[in-house]
Amino acid sequence: MTTSPHIIEVRSTDDAGLDLFARLTETQLRNRLEPEKGVFIAESPKVIAVALDAGYQPVALLTEHRHIEGDAREIIRRCGDIPIYTGDSSVLERLTGFHLTRGVLCAMRRPAPRPLEEVCRDKKRLAVLDGVVDATNVGAIFRSAAALGMDGLLLTPSCCDPLNRRAVRVSMGTVFQIPWTFLCPCHGNGHQPAFDRLHEFGFQVAAMALRPDALRLDDPSLQNVPQLAIVMGAEGDGLADAAIDSCDFVVRIPMFHGVDSLNVAAASAVAFWQLKREC
């Protein structure tokens, strides 16, 4: 039996149901004090559809009038009787403070964090992000990791949340498709305990960094590592010395014309392609 959508015309931005889309910060949406109540925002029909395919639970939709029988029609059908807030594009842009990509936002329940074991066990290639804070870079890295054969991603707590609205959009929904979780350094004891956990699962750990002793990314010995975790650091400063010293290898991308580095998202795509698992 098909449930009729619960469509609500946005006439006042004071409606408490709109807090999800207009007045809550990313931290408030994440709800760190009560993670089981946390939500995130998925943007655009294509990305929302990927999230629904992956089993994520919708809470509310915000869409322009013209998309109810257009781009959002199938999404609305799949979401059941959740609130569907709607209005003209100018009204919704004033409400949210940004232009809605393809005119649709969906608030969705945050999933329970994956156990580290689930992301690591029986895997061959992992990406590890340490202190990557830009949402666009995180989203782009997820997209490259999914497309180029990584088995999963691990992030230190200082990274941007992968379920940040912009990161989700830039990832084109791959954040819902590739396994990921947070890799937590142990209470100020540095990176070694965290990387030791990777060693327990059989991984060797390679830091992407500029050091005189770094192996070229195309060094044949790297291809022969059966389980490899590739660590990339923050925009600008890169990986801290302590993190690099905790790794088994240091790896660099060969450069030309005196260029010494790439944006972390671009570097990740090059590394993933070169070191990918066999298809």
# chains A, B, ... in the order shown; residues from 1 in each chain; ligands from 1
$ residues_around --residues "Arg78 (chain A)" --least-positions-apart "5" --cutoff "9 Å" --atoms "only C-alpha atoms" --output "ChimeraX atom specification"
/A:49,52,73
$ residues_around --residues "Val39 (chain A)" --least-positions-apart "5" --cutoff "6 Å" --atoms "only C-alpha atoms" --output "list in words"
Leu29, Arg30, Met108, Arg109 and Arg110 of chain A
$ closest_residue --among "A:Glu74, A:Asp130, A:Glu118, A:Asp151" --to "Lys276 (chain A)" --atoms "only C-alpha atoms"
A:Asp151
$ atom_distance --atom1 "CA of Arg169 (chain A)" --atom2 "CA of Gly238 (chain A)"
24.5 Å
$ residues_around --residues "region 189-205 of chain A" --least-positions-apart "5" --cutoff "6 Å" --atoms "only C-alpha atoms" --output "VMD selection string"
chain A and resid 227 to 229 243 246 to 248
$ residues_around --residues "region 20-25 of chain A" --least-positions-apart "5" --cutoff "8 Å" --atoms "only C-alpha atoms" --output "JSON list (two decimals) with C-alpha atoms, in the first residue's frame"
[["chain", "number", "residue", "atom", "x", "y", "z"],
["A", 41, "ILE", "CA", 21.92, 16.38, 5.19],
["A", 62, "LEU", "CA", 13.06, 20.08, 1.63],
["A", 95, "LEU", "CA", 15.91, 29.76, 4.53],
["A", 96, "THR", "CA", 19.07, 27.70, 4.07],
["A", 97, "GLY", "CA", 21.52, 30.43, 3.07],
["A", 105, "LEU", "CA", 17.70, 18.31, 0.53],
["A", 107, "ALA", "CA", 17.72, 15.00, 6.42]]
$ closest_residue --among "A:Thr86, A:Asn164, A:Ser221, A:Gln274" --to "Phe249 (chain A)" --atoms "only C-alpha atoms"
A:Ser221
$ select_by_dssp --residues "region 66-274 of chain A" --states "helix (DSSP H, G or I)" --output "count of residues only"
76
$ decode --residues "region 159-200 of chain A" --atoms "N, CA and C atoms" --output "compact mmCIF listing (two decimals), in the first residue's frame"
# COMPACT_ATOMS: atom_id res chain seq x y z
N CYS A 159 39.74 15.11 11.35
CA CYS A 159 39.28 15.28 9.96
C CYS A 159 37.86 15.85 9.93
N CYS A 160 37.52 16.44 8.81
CA CYS A 160 36.13 16.83 8.56
C CYS A 160 35.24 15.59 8.56
N ASP A 161 34.05 15.73 9.12
CA ASP A 161 33.07 14.65 9.14
C ASP A 161 32.68 14.27 7.71
N PRO A 162 32.84 13.02 7.30
CA PRO A 162 32.45 12.63 5.94
C PRO A 162 30.97 12.83 5.63
N LEU A 163 30.12 12.94 6.68
CA LEU A 163 28.70 13.18 6.45
C LEU A 163 28.35 14.67 6.53
N ASN A 164 29.34 15.53 6.51
CA ASN A 164 29.12 16.96 6.29
C ASN A 164 28.40 17.13 4.94
N ARG A 165 27.44 18.06 4.87
CA ARG A 165 26.62 18.20 3.66
C ARG A 165 27.48 18.37 2.39
N ARG A 166 28.46 19.24 2.45
CA ARG A 166 29.28 19.48 1.27
C ARG A 166 30.14 18.27 0.93
N ALA A 167 30.69 17.61 1.94
CA ALA A 167 31.50 16.41 1.68
C ALA A 167 30.65 15.33 1.02
N VAL A 168 29.43 15.15 1.49
CA VAL A 168 28.53 14.16 0.90
C VAL A 168 28.26 14.49 -0.56
N ARG A 169 27.98 15.78 -0.83
CA ARG A 169 27.64 16.17 -2.21
C ARG A 169 28.83 15.97 -3.15
N VAL A 170 30.02 16.42 -2.72
CA VAL A 170 31.20 16.29 -3.56
C VAL A 170 31.54 14.82 -3.79
N SER A 171 31.28 13.99 -2.80
CA SER A 171 31.57 12.55 -2.94
C SER A 171 30.62 11.87 -3.93
N MET A 172 29.55 12.56 -4.33
CA MET A 172 28.51 11.99 -5.20
C MET A 172 27.90 10.73 -4.59
N GLY A 173 27.83 10.71 -3.26
CA GLY A 173 27.20 9.59 -2.57
C GLY A 173 28.10 8.41 -2.30
N THR A 174 29.36 8.47 -2.74
CA THR A 174 30.26 7.32 -2.50
C THR A 174 30.55 7.15 -1.01
N VAL A 175 30.33 8.20 -0.21
CA VAL A 175 30.48 8.08 1.24
C VAL A 175 29.50 7.05 1.81
N PHE A 176 28.43 6.76 1.07
CA PHE A 176 27.46 5.74 1.50
C PHE A 176 27.83 4.35 0.97
N GLN A 177 28.79 4.28 0.07
CA GLN A 177 29.07 3.02 -0.62
C GLN A 177 30.36 2.35 -0.15
N ILE A 178 31.35 3.13 0.24
CA ILE A 178 32.63 2.55 0.64
C ILE A 178 32.73 2.55 2.16
N PRO A 179 33.17 1.46 2.78
CA PRO A 179 33.24 1.41 4.25
C PRO A 179 34.23 2.43 4.82
N TRP A 180 33.86 3.06 5.93
CA TRP A 180 34.76 4.00 6.59
C TRP A 180 34.44 4.05 8.08
N THR A 181 35.42 4.49 8.84
CA THR A 181 35.22 4.74 10.26
C THR A 181 36.36 5.61 10.75
N PHE A 182 36.29 5.99 12.03
CA PHE A 182 37.35 6.81 12.60
C PHE A 182 38.41 5.94 13.26
N LEU A 183 39.66 6.31 13.02
CA LEU A 183 40.82 5.66 13.61
C LEU A 183 41.34 6.60 14.68
N CYS A 184 41.17 6.23 15.93
CA CYS A 184 41.41 7.18 17.03
C CYS A 184 42.79 6.96 17.64
N PRO A 185 43.68 7.98 17.55
CA PRO A 185 44.91 7.91 18.35
C PRO A 185 44.54 7.78 19.82
N CYS A 186 45.33 7.05 20.55
CA CYS A 186 44.95 6.65 21.91
C CYS A 186 45.29 7.71 22.95
N HIS A 187 44.35 8.60 23.22
CA HIS A 187 44.41 9.52 24.36
C HIS A 187 45.76 10.24 24.46
N GLY A 188 46.16 10.88 23.38
CA GLY A 188 47.37 11.69 23.42
C GLY A 188 48.65 10.91 23.25
N ASN A 189 48.57 9.61 23.03
CA ASN A 189 49.78 8.81 22.88
C ASN A 189 50.32 8.80 21.45
N GLY A 190 49.79 9.68 20.60
CA GLY A 190 50.30 9.79 19.25
C GLY A 190 49.71 8.77 18.31
N HIS A 191 50.34 8.67 17.13
CA HIS A 191 49.81 7.83 16.07
C HIS A 191 50.21 6.37 16.19
N GLN A 192 51.28 6.10 16.92
CA GLN A 192 51.79 4.72 16.94
C GLN A 192 50.74 3.70 17.39
N PRO A 193 50.00 3.96 18.49
CA PRO A 193 48.99 2.96 18.87
C PRO A 193 47.93 2.74 17.80
N ALA A 194 47.53 3.82 17.11
CA ALA A 194 46.53 3.67 16.05
C ALA A 194 47.09 2.85 14.90
N PHE A 195 48.32 3.13 14.50
CA PHE A 195 48.92 2.38 13.41
C PHE A 195 49.24 0.95 13.82
N ASP A 196 49.51 0.75 15.11
CA ASP A 196 49.69 -0.62 15.59
C ASP A 196 48.44 -1.45 15.39
N ARG A 197 47.26 -0.84 15.51
CA ARG A 197 46.03 -1.56 15.24
C ARG A 197 45.98 -2.02 13.79
N LEU A 198 46.46 -1.19 12.88
CA LEU A 198 46.50 -1.59 11.48
C LEU A 198 47.47 -2.76 11.28
N HIS A 199 48.58 -2.73 11.99
CA HIS A 199 49.53 -3.85 11.92
C HIS A 199 48.88 -5.15 12.39
N GLU A 200 48.01 -5.04 13.39
CA GLU A 200 47.33 -6.24 13.90
C GLU A 200 46.47 -6.89 12.82
